[in-house]
$ cat query-v7.txt   # compact mmCIF, N, CA and C atoms
# COMPACT_ATOMS: atom_id res chain seq x y z
N MET R 669 -30.64 31.48 175.63
CA MET R 669 -29.26 31.68 176.01
C MET R 669 -29.22 31.86 177.52
N ILE R 670 -28.34 31.11 178.19
CA ILE R 670 -28.20 31.20 179.63
C ILE R 670 -26.78 31.66 179.96
N GLY R 671 -26.64 32.81 180.58
CA GLY R 671 -25.34 33.29 181.02
C GLY R 671 -24.34 33.56 179.92
N GLY R 672 -24.80 33.73 178.71
CA GLY R 672 -23.89 33.98 177.60
C GLY R 672 -24.09 35.36 177.02
N GLN R 673 -23.38 35.61 175.99
CA GLN R 673 -23.49 36.90 175.31
C GLN R 673 -23.79 36.63 173.85
N TYR R 674 -24.78 37.33 173.33
CA TYR R 674 -25.12 37.21 171.92
C TYR R 674 -24.15 38.06 171.12
N ILE R 675 -23.52 37.45 170.14
CA ILE R 675 -22.60 38.17 169.26
C ILE R 675 -23.12 38.04 167.84
N GLU R 676 -23.39 39.17 167.24
CA GLU R 676 -23.86 39.16 165.86
C GLU R 676 -22.65 39.11 164.94
N PHE R 677 -22.60 38.11 164.08
CA PHE R 677 -21.46 37.90 163.20
C PHE R 677 -21.69 38.66 161.90
N THR R 678 -21.32 39.93 161.91
CA THR R 678 -21.44 40.77 160.73
C THR R 678 -20.11 41.46 160.47
N TYR R 679 -19.97 42.02 159.30
CA TYR R 679 -18.76 42.75 158.95
C TYR R 679 -18.57 43.93 159.90
N GLU R 680 -19.66 44.61 160.24
CA GLU R 680 -19.60 45.78 161.10
C GLU R 680 -19.16 45.43 162.52
N ALA R 681 -19.38 44.20 162.95
CA ALA R 681 -19.01 43.79 164.32
C ALA R 681 -17.50 43.76 164.51
N GLY R 682 -16.75 43.68 163.43
CA GLY R 682 -15.29 43.71 163.52
C GLY R 682 -14.68 42.46 164.13
N LEU R 683 -15.37 41.34 164.03
CA LEU R 683 -14.84 40.09 164.58
C LEU R 683 -13.72 39.56 163.70
N CYS R 684 -12.70 39.01 164.35
CA CYS R 684 -11.56 38.48 163.61
C CYS R 684 -11.01 37.27 164.36
N PHE R 685 -10.80 36.17 163.64
CA PHE R 685 -10.32 34.93 164.23
C PHE R 685 -9.09 34.41 163.48
N PRO R 686 -7.94 35.06 163.61
CA PRO R 686 -6.73 34.57 162.93
C PRO R 686 -6.34 33.20 163.49
N PRO R 687 -6.33 32.16 162.66
CA PRO R 687 -6.13 30.79 163.16
C PRO R 687 -4.85 30.60 163.98
N PHE R 688 -3.75 31.17 163.56
CA PHE R 688 -2.49 30.92 164.25
C PHE R 688 -2.41 31.64 165.60
N GLN R 689 -3.19 32.69 165.79
CA GLN R 689 -3.15 33.40 167.06
C GLN R 689 -3.77 32.60 168.20
N MET R 690 -4.52 31.55 167.87
CA MET R 690 -5.11 30.69 168.89
C MET R 690 -4.14 29.62 169.38
N VAL R 691 -3.01 29.48 168.70
CA VAL R 691 -2.08 28.38 168.97
C VAL R 691 -1.08 28.77 170.05
N THR R 692 -0.87 27.85 170.99
CA THR R 692 0.20 28.02 171.97
C THR R 692 1.21 26.89 171.85
N ASP R 693 0.74 25.71 171.48
CA ASP R 693 1.62 24.55 171.30
C ASP R 693 1.20 23.86 170.00
N ILE R 694 2.04 23.95 168.99
CA ILE R 694 1.69 23.40 167.68
C ILE R 694 1.40 21.90 167.75
N ASN R 695 2.09 21.19 168.61
CA ASN R 695 1.87 19.75 168.73
C ASN R 695 0.47 19.43 169.25
N GLU R 696 -0.06 20.29 170.09
CA GLU R 696 -1.41 20.07 170.61
C GLU R 696 -2.48 20.63 169.67
N ASP R 697 -2.13 21.67 168.93
CA ASP R 697 -3.13 22.39 168.15
C ASP R 697 -3.11 22.10 166.65
N ILE R 698 -2.19 21.26 166.19
CA ILE R 698 -2.08 21.02 164.75
C ILE R 698 -3.36 20.42 164.16
N GLU R 699 -4.00 19.52 164.88
CA GLU R 699 -5.23 18.91 164.35
C GLU R 699 -6.33 19.95 164.19
N MET R 700 -6.43 20.88 165.15
CA MET R 700 -7.42 21.95 165.05
C MET R 700 -7.14 22.82 163.83
N LEU R 701 -5.88 23.22 163.66
CA LEU R 701 -5.51 24.05 162.51
C LEU R 701 -5.76 23.33 161.20
N LYS R 702 -5.39 22.06 161.16
CA LYS R 702 -5.60 21.28 159.93
C LYS R 702 -7.09 21.21 159.59
N LEU R 703 -7.94 21.05 160.60
CA LEU R 703 -9.38 21.01 160.38
C LEU R 703 -9.89 22.36 159.86
N ILE R 704 -9.44 23.44 160.48
CA ILE R 704 -9.86 24.78 160.05
C ILE R 704 -9.50 25.01 158.59
N PHE R 705 -8.24 24.75 158.25
CA PHE R 705 -7.80 25.00 156.87
C PHE R 705 -8.43 24.02 155.89
N SER R 706 -8.66 22.79 156.30
CA SER R 706 -9.32 21.81 155.43
C SER R 706 -10.74 22.26 155.11
N LEU R 707 -11.45 22.75 156.12
CA LEU R 707 -12.82 23.22 155.90
C LEU R 707 -12.86 24.48 155.05
N MET R 708 -11.87 25.34 155.22
CA MET R 708 -11.79 26.53 154.36
C MET R 708 -11.58 26.11 152.91
N ALA R 709 -10.69 25.15 152.70
CA ALA R 709 -10.32 24.73 151.35
C ALA R 709 -11.39 23.88 150.69
N SER R 710 -12.11 23.12 151.48
CA SER R 710 -13.09 22.21 150.90
C SER R 710 -14.24 21.98 151.87
N PRO R 711 -15.18 22.93 151.96
CA PRO R 711 -16.25 22.82 152.94
C PRO R 711 -17.24 21.69 152.71
N SER R 712 -17.39 21.23 151.48
CA SER R 712 -18.39 20.20 151.21
C SER R 712 -17.80 18.82 150.94
N ASP R 713 -16.51 18.74 150.62
CA ASP R 713 -15.85 17.46 150.38
C ASP R 713 -14.59 17.38 151.21
N SER R 714 -14.16 16.16 151.48
CA SER R 714 -12.91 15.97 152.22
C SER R 714 -11.72 16.13 151.28
N LEU R 715 -10.62 16.62 151.83
CA LEU R 715 -9.37 16.62 151.08
C LEU R 715 -8.86 15.19 150.99
N THR R 716 -8.01 14.90 150.03
CA THR R 716 -7.41 13.57 149.96
C THR R 716 -6.41 13.43 151.10
N GLU R 717 -6.01 12.19 151.37
CA GLU R 717 -5.01 11.95 152.42
C GLU R 717 -3.70 12.67 152.09
N GLN R 718 -3.32 12.68 150.82
CA GLN R 718 -2.08 13.37 150.43
C GLN R 718 -2.21 14.88 150.63
N GLN R 719 -3.36 15.43 150.27
CA GLN R 719 -3.57 16.86 150.48
C GLN R 719 -3.53 17.20 151.97
N GLU R 720 -4.17 16.37 152.79
CA GLU R 720 -4.16 16.61 154.23
C GLU R 720 -2.75 16.55 154.80
N ALA R 721 -1.97 15.57 154.36
CA ALA R 721 -0.60 15.43 154.85
C ALA R 721 0.25 16.64 154.44
N LYS R 722 0.09 17.07 153.20
CA LYS R 722 0.86 18.23 152.73
C LYS R 722 0.39 19.50 153.43
N LEU R 723 -0.91 19.63 153.63
CA LEU R 723 -1.45 20.79 154.31
C LEU R 723 -0.92 20.86 155.75
N GLN R 724 -0.87 19.72 156.42
CA GLN R 724 -0.34 19.70 157.78
C GLN R 724 1.12 20.14 157.79
N ARG R 725 1.91 19.63 156.86
CA ARG R 725 3.32 20.02 156.79
C ARG R 725 3.46 21.52 156.54
N ILE R 726 2.63 22.05 155.66
CA ILE R 726 2.66 23.48 155.35
C ILE R 726 2.28 24.31 156.58
N ILE R 727 1.24 23.91 157.28
CA ILE R 727 0.83 24.61 158.50
C ILE R 727 1.96 24.63 159.51
N GLU R 728 2.62 23.48 159.69
CA GLU R 728 3.74 23.41 160.62
C GLU R 728 4.88 24.33 160.18
N GLU R 729 5.18 24.35 158.89
CA GLU R 729 6.24 25.24 158.37
C GLU R 729 5.91 26.70 158.64
N VAL R 730 4.66 27.08 158.40
CA VAL R 730 4.24 28.46 158.65
C VAL R 730 4.37 28.78 160.13
N TRP R 731 3.97 27.85 160.98
CA TRP R 731 4.07 28.07 162.43
C TRP R 731 5.53 28.27 162.84
N TYR R 732 6.41 27.41 162.37
CA TYR R 732 7.81 27.51 162.79
C TYR R 732 8.49 28.75 162.23
N GLU R 733 8.01 29.27 161.11
CA GLU R 733 8.59 30.49 160.56
C GLU R 733 7.98 31.76 161.16
N PHE R 734 6.66 31.77 161.34
CA PHE R 734 5.97 32.99 161.74
C PHE R 734 5.32 32.94 163.11
N GLY R 735 5.18 31.76 163.70
CA GLY R 735 4.51 31.65 165.00
C GLY R 735 3.08 32.15 164.91
N GLN R 736 2.65 32.88 165.94
CA GLN R 736 1.28 33.38 165.98
C GLN R 736 1.01 34.46 164.93
N GLU R 737 2.04 34.93 164.26
CA GLU R 737 1.87 35.92 163.19
C GLU R 737 1.58 35.25 161.84
N GLY R 738 1.53 33.92 161.81
CA GLY R 738 1.20 33.20 160.58
C GLY R 738 -0.20 33.57 160.10
N THR R 739 -0.39 33.53 158.80
CA THR R 739 -1.68 33.93 158.23
C THR R 739 -2.18 32.91 157.21
N VAL R 740 -3.42 33.06 156.84
CA VAL R 740 -3.99 32.25 155.76
C VAL R 740 -3.20 32.52 154.48
N ASP R 741 -2.77 33.75 154.28
CA ASP R 741 -1.98 34.10 153.10
C ASP R 741 -0.69 33.27 153.04
N HIS R 742 -0.03 33.12 154.18
CA HIS R 742 1.21 32.33 154.22
C HIS R 742 0.95 30.88 153.82
N VAL R 743 -0.14 30.31 154.33
CA VAL R 743 -0.47 28.92 154.00
C VAL R 743 -0.78 28.81 152.51
N ARG R 744 -1.55 29.74 151.99
CA ARG R 744 -1.91 29.71 150.56
C ARG R 744 -0.66 29.82 149.68
N GLU R 745 0.25 30.72 150.02
CA GLU R 745 1.47 30.88 149.23
C GLU R 745 2.26 29.58 149.17
N ARG R 746 2.34 28.88 150.28
CA ARG R 746 3.09 27.62 150.29
C ARG R 746 2.35 26.52 149.54
N CYS R 747 1.03 26.55 149.58
CA CYS R 747 0.27 25.57 148.79
C CYS R 747 0.54 25.77 147.30
N LEU R 748 0.62 27.03 146.88
CA LEU R 748 0.89 27.33 145.46
C LEU R 748 2.26 26.83 145.02
N LYS R 749 3.21 26.79 145.94
CA LYS R 749 4.58 26.39 145.62
C LYS R 749 4.84 24.90 145.88
N CYS R 750 3.84 24.19 146.37
CA CYS R 750 4.02 22.79 146.75
C CYS R 750 4.35 21.94 145.53
N LEU R 751 5.34 21.08 145.69
CA LEU R 751 5.80 20.23 144.60
C LEU R 751 5.39 18.78 144.83
N ILE R 752 5.29 18.04 143.74
CA ILE R 752 5.05 16.60 143.81
C ILE R 752 6.34 15.96 144.33
N THR R 753 6.18 15.07 145.31
CA THR R 753 7.35 14.44 145.90
C THR R 753 7.47 12.96 145.55
N GLY R 754 6.37 12.33 145.18
CA GLY R 754 6.41 10.90 144.88
C GLY R 754 5.73 10.58 143.57
N SER R 755 6.05 9.43 143.01
CA SER R 755 5.48 9.04 141.72
C SER R 755 4.01 8.65 141.82
N ASN R 756 3.51 8.44 143.03
CA ASN R 756 2.10 8.04 143.20
C ASN R 756 1.17 9.25 143.31
N GLU R 757 1.67 10.44 142.98
CA GLU R 757 0.87 11.65 143.14
C GLU R 757 0.33 12.19 141.82
N GLY R 758 0.40 11.41 140.77
CA GLY R 758 -0.19 11.82 139.50
C GLY R 758 0.63 12.80 138.70
N GLY R 759 1.91 12.75 138.84
CA GLY R 759 2.79 13.63 138.08
C GLY R 759 4.23 13.26 138.35
N LYS R 760 5.13 14.07 137.86
CA LYS R 760 6.55 13.79 138.04
C LYS R 760 7.07 14.53 139.27
N PRO R 761 7.90 13.86 140.07
CA PRO R 761 8.50 14.54 141.21
C PRO R 761 9.20 15.83 140.78
N GLY R 762 8.97 16.89 141.53
CA GLY R 762 9.55 18.19 141.22
C GLY R 762 8.61 19.13 140.49
N GLU R 763 7.51 18.60 139.91
CA GLU R 763 6.51 19.45 139.27
C GLU R 763 5.59 20.05 140.33
N ARG R 764 4.95 21.17 139.98
CA ARG R 764 3.97 21.75 140.91
C ARG R 764 2.84 20.76 141.14
N ASP R 765 2.41 20.66 142.37
CA ASP R 765 1.32 19.76 142.74
C ASP R 765 0.00 20.49 142.48
N LEU R 766 -0.66 20.13 141.40
CA LEU R 766 -1.89 20.82 141.01
C LEU R 766 -3.02 20.61 142.01
N SER R 767 -2.98 19.50 142.76
CA SER R 767 -4.02 19.31 143.77
C SER R 767 -3.87 20.33 144.90
N MET R 768 -2.63 20.74 145.18
CA MET R 768 -2.40 21.76 146.21
C MET R 768 -2.64 23.16 145.66
N VAL R 769 -2.47 23.34 144.36
CA VAL R 769 -2.84 24.61 143.73
C VAL R 769 -4.35 24.79 143.87
N ALA R 770 -5.11 23.71 143.73
CA ALA R 770 -6.56 23.77 143.92
C ALA R 770 -6.90 24.15 145.36
N VAL R 771 -6.16 23.60 146.33
CA VAL R 771 -6.36 23.97 147.73
C VAL R 771 -6.08 25.47 147.90
N ALA R 772 -5.00 25.94 147.31
CA ALA R 772 -4.65 27.37 147.38
C ALA R 772 -5.75 28.24 146.79
N ASP R 773 -6.31 27.81 145.66
CA ASP R 773 -7.39 28.57 145.03
C ASP R 773 -8.59 28.69 145.97
N GLN R 774 -8.91 27.60 146.66
CA GLN R 774 -10.04 27.60 147.58
C GLN R 774 -9.77 28.47 148.81
N LEU R 775 -8.52 28.54 149.24
CA LEU R 775 -8.17 29.35 150.41
C LEU R 775 -8.22 30.85 150.12
N TYR R 776 -8.18 31.22 148.85
CA TYR R 776 -8.10 32.64 148.49
C TYR R 776 -9.19 33.49 149.15
N THR R 777 -10.41 32.99 149.20
CA THR R 777 -11.51 33.79 149.75
C THR R 777 -11.29 34.13 151.22
N TYR R 778 -10.40 33.38 151.90
CA TYR R 778 -10.11 33.63 153.32
C TYR R 778 -8.81 34.41 153.51
N CYS R 779 -8.13 34.74 152.42
CA CYS R 779 -6.88 35.50 152.48
C CYS R 779 -7.20 36.99 152.68
N SER R 780 -6.17 37.77 152.93
CA SER R 780 -6.37 39.19 153.25
C SER R 780 -7.14 39.94 152.16
N GLU R 781 -7.01 39.54 150.91
CA GLU R 781 -7.72 40.21 149.81
C GLU R 781 -9.04 39.54 149.45
N GLY R 782 -9.34 38.39 150.06
CA GLY R 782 -10.56 37.67 149.74
C GLY R 782 -11.77 38.23 150.47
N ILE R 783 -12.95 37.76 150.08
CA ILE R 783 -14.18 38.32 150.64
C ILE R 783 -14.35 38.03 152.13
N TYR R 784 -13.76 36.95 152.64
CA TYR R 784 -13.83 36.65 154.07
C TYR R 784 -12.52 36.98 154.80
N GLY R 785 -11.61 37.63 154.10
CA GLY R 785 -10.29 37.91 154.66
C GLY R 785 -10.31 38.71 155.95
N SER R 786 -11.23 39.64 156.07
CA SER R 786 -11.26 40.48 157.28
C SER R 786 -11.61 39.67 158.53
N TYR R 787 -12.24 38.51 158.36
CA TYR R 787 -12.59 37.68 159.50
C TYR R 787 -11.43 36.81 159.98
N PHE R 788 -10.42 36.62 159.13
CA PHE R 788 -9.35 35.67 159.47
C PHE R 788 -7.95 36.28 159.42
N ASN R 789 -7.84 37.55 159.11
CA ASN R 789 -6.54 38.23 159.04
C ASN R 789 -6.63 39.53 159.82
N GLY R 790 -5.78 39.71 160.76
CA GLY R 790 -5.78 40.92 161.58
C GLY R 790 -5.70 40.55 163.05
N ASN R 791 -6.07 41.48 163.89
CA ASN R 791 -6.01 41.26 165.34
C ASN R 791 -7.36 41.43 165.98

$ encode --input "query-v7.txt" --output "structure tokens"
Amino acid sequence: MIGGQYIEFTYEAGLCFPPFQMVTDINEDIEMLKLIFSLMASPSDSLTEQQEAKLQRIIEEVWYEFGQEGTVDHVRERCLKCLITGSNEGGKPGERDLSMVAVADQLYTYCSEGIYGSYFNGN
């Protein structure tokens, strides 16, 4: 290590990286947020294009409602409520989108009550 600081990433270190607190301009930072949430939801496989599009819309909605106070919990709640909008999504328009419910389930571990919640919720 040259000119840096070693930071041990442990629970006791009290590190916290709330994703929305890093954002200053949603138009510039949306891709970063989408990547963060996509990796949280599916670390070993890619989300489908439809899931990514819906996740981006949800992230933007959370930003416009809560700004830097947005949380993983807010994104998860909206994923749980996400509805099918088109007939090409494997269900009837207006039904809950089960693919986004799966995304919400995966995000749980990063929510305030999840095992990694303390790293992504707080200040």

$ atom_distance --input "query-v7.txt" --atom1 "atom N of Gly738 of chain R" --atom2 "atom C of Leu701 of chain R"
12.9 Å

$ atom_distance --input "query-v7.txt" --atom1 "atom CA of Asp693 of chain R" --atom2 "atom CA of Lys749 of chain R"
25.9 Å

$ atom_distance --input "query-v7.txt" --atom1 "atom N of Tyr787 of chain R" --atom2 "atom N of Pro686 of chain R"
7.6 Å

$ residues_around --input "query-v7.txt" --residues "Asn789 of chain R" --least-positions-apart "2" --cutoff "6 Å" --atoms "all atoms listed in the file" --output "PDB file with N, CA and C atoms, in the coordinates of the input"
ATOM      1  N   CYS R 684     -12.700  39.010 164.350  1.00  0.00           N
ATOM      2  CA  CYS R 684     -11.560  38.480 163.610  1.00  0.00           C
ATOM      3  C   CYS R 684     -11.010  37.270 164.360  1.00  0.00           C
ATOM      4  N   PHE R 685     -10.800  36.170 163.640  1.00  0.00           N
ATOM      5  CA  PHE R 685     -10.320  34.930 164.230  1.00  0.00           C
ATOM      6  C   PHE R 685      -9.090  34.410 163.480  1.00  0.00           C
ATOM      7  N   PRO R 686      -7.940  35.060 163.610  1.00  0.00           N
ATOM      8  CA  PRO R 686      -6.730  34.570 162.930  1.00  0.00           C
ATOM      9  C   PRO R 686      -6.340  33.200 163.490  1.00  0.00           C
ATOM     10  N   SER R 780      -6.170  37.770 152.930  1.00  0.00           N
ATOM     11  CA  SER R 780      -6.370  39.190 153.250  1.00  0.00           C
ATOM     12  C   SER R 780      -7.140  39.940 152.160  1.00  0.00           C
ATOM     13  N   GLY R 785     -11.610  37.630 154.100  1.00  0.00           N
ATOM     14  CA  GLY R 785     -10.290  37.910 154.660  1.00  0.00           C
ATOM     15  C   GLY R 785     -10.310  38.710 155.950  1.00  0.00           C
ATOM     16  N   SER R 786     -11.230  39.640 156.070  1.00  0.00           N
ATOM     17  CA  SER R 786     -11.260  40.480 157.280  1.00  0.00           C
ATOM     18  C   SER R 786     -11.610  39.670 158.530  1.00  0.00           C
ATOM     19  N   TYR R 787     -12.240  38.510 158.360  1.00  0.00           N
ATOM     20  CA  TYR R 787     -12.590  37.680 159.500  1.00  0.00           C
ATOM     21  C   TYR R 787     -11.430  36.810 159.980  1.00  0.00           C
ATOM     22  N   ASN R 791      -6.070  41.480 163.890  1.00  0.00           N
ATOM     23  CA  ASN R 791      -6.010  41.260 165.340  1.00  0.00           C
ATOM     24  C   ASN R 791      -7.360  41.430 165.980  1.00  0.00           C
TER      25      ASN R 791
END

$ residues_around --input "query-v7.txt" --residues "segment 767-769 of chain R" --least-positions-apart "4" --cutoff "7 Å" --atoms "only N, CA and C atoms" --output "JSON, numbers by chain"
{"R": [719, 747, 748, 749, 750, 773, 774]}

$ select_by_dssp --input "query-v7.txt" --residues "chain R" --states "helix (DSSP H, G or I)" --output "number ranges by chain"
R: 679-681, 687-690, 694-709, 717-737, 740-749, 755-757, 766-778, 785-788
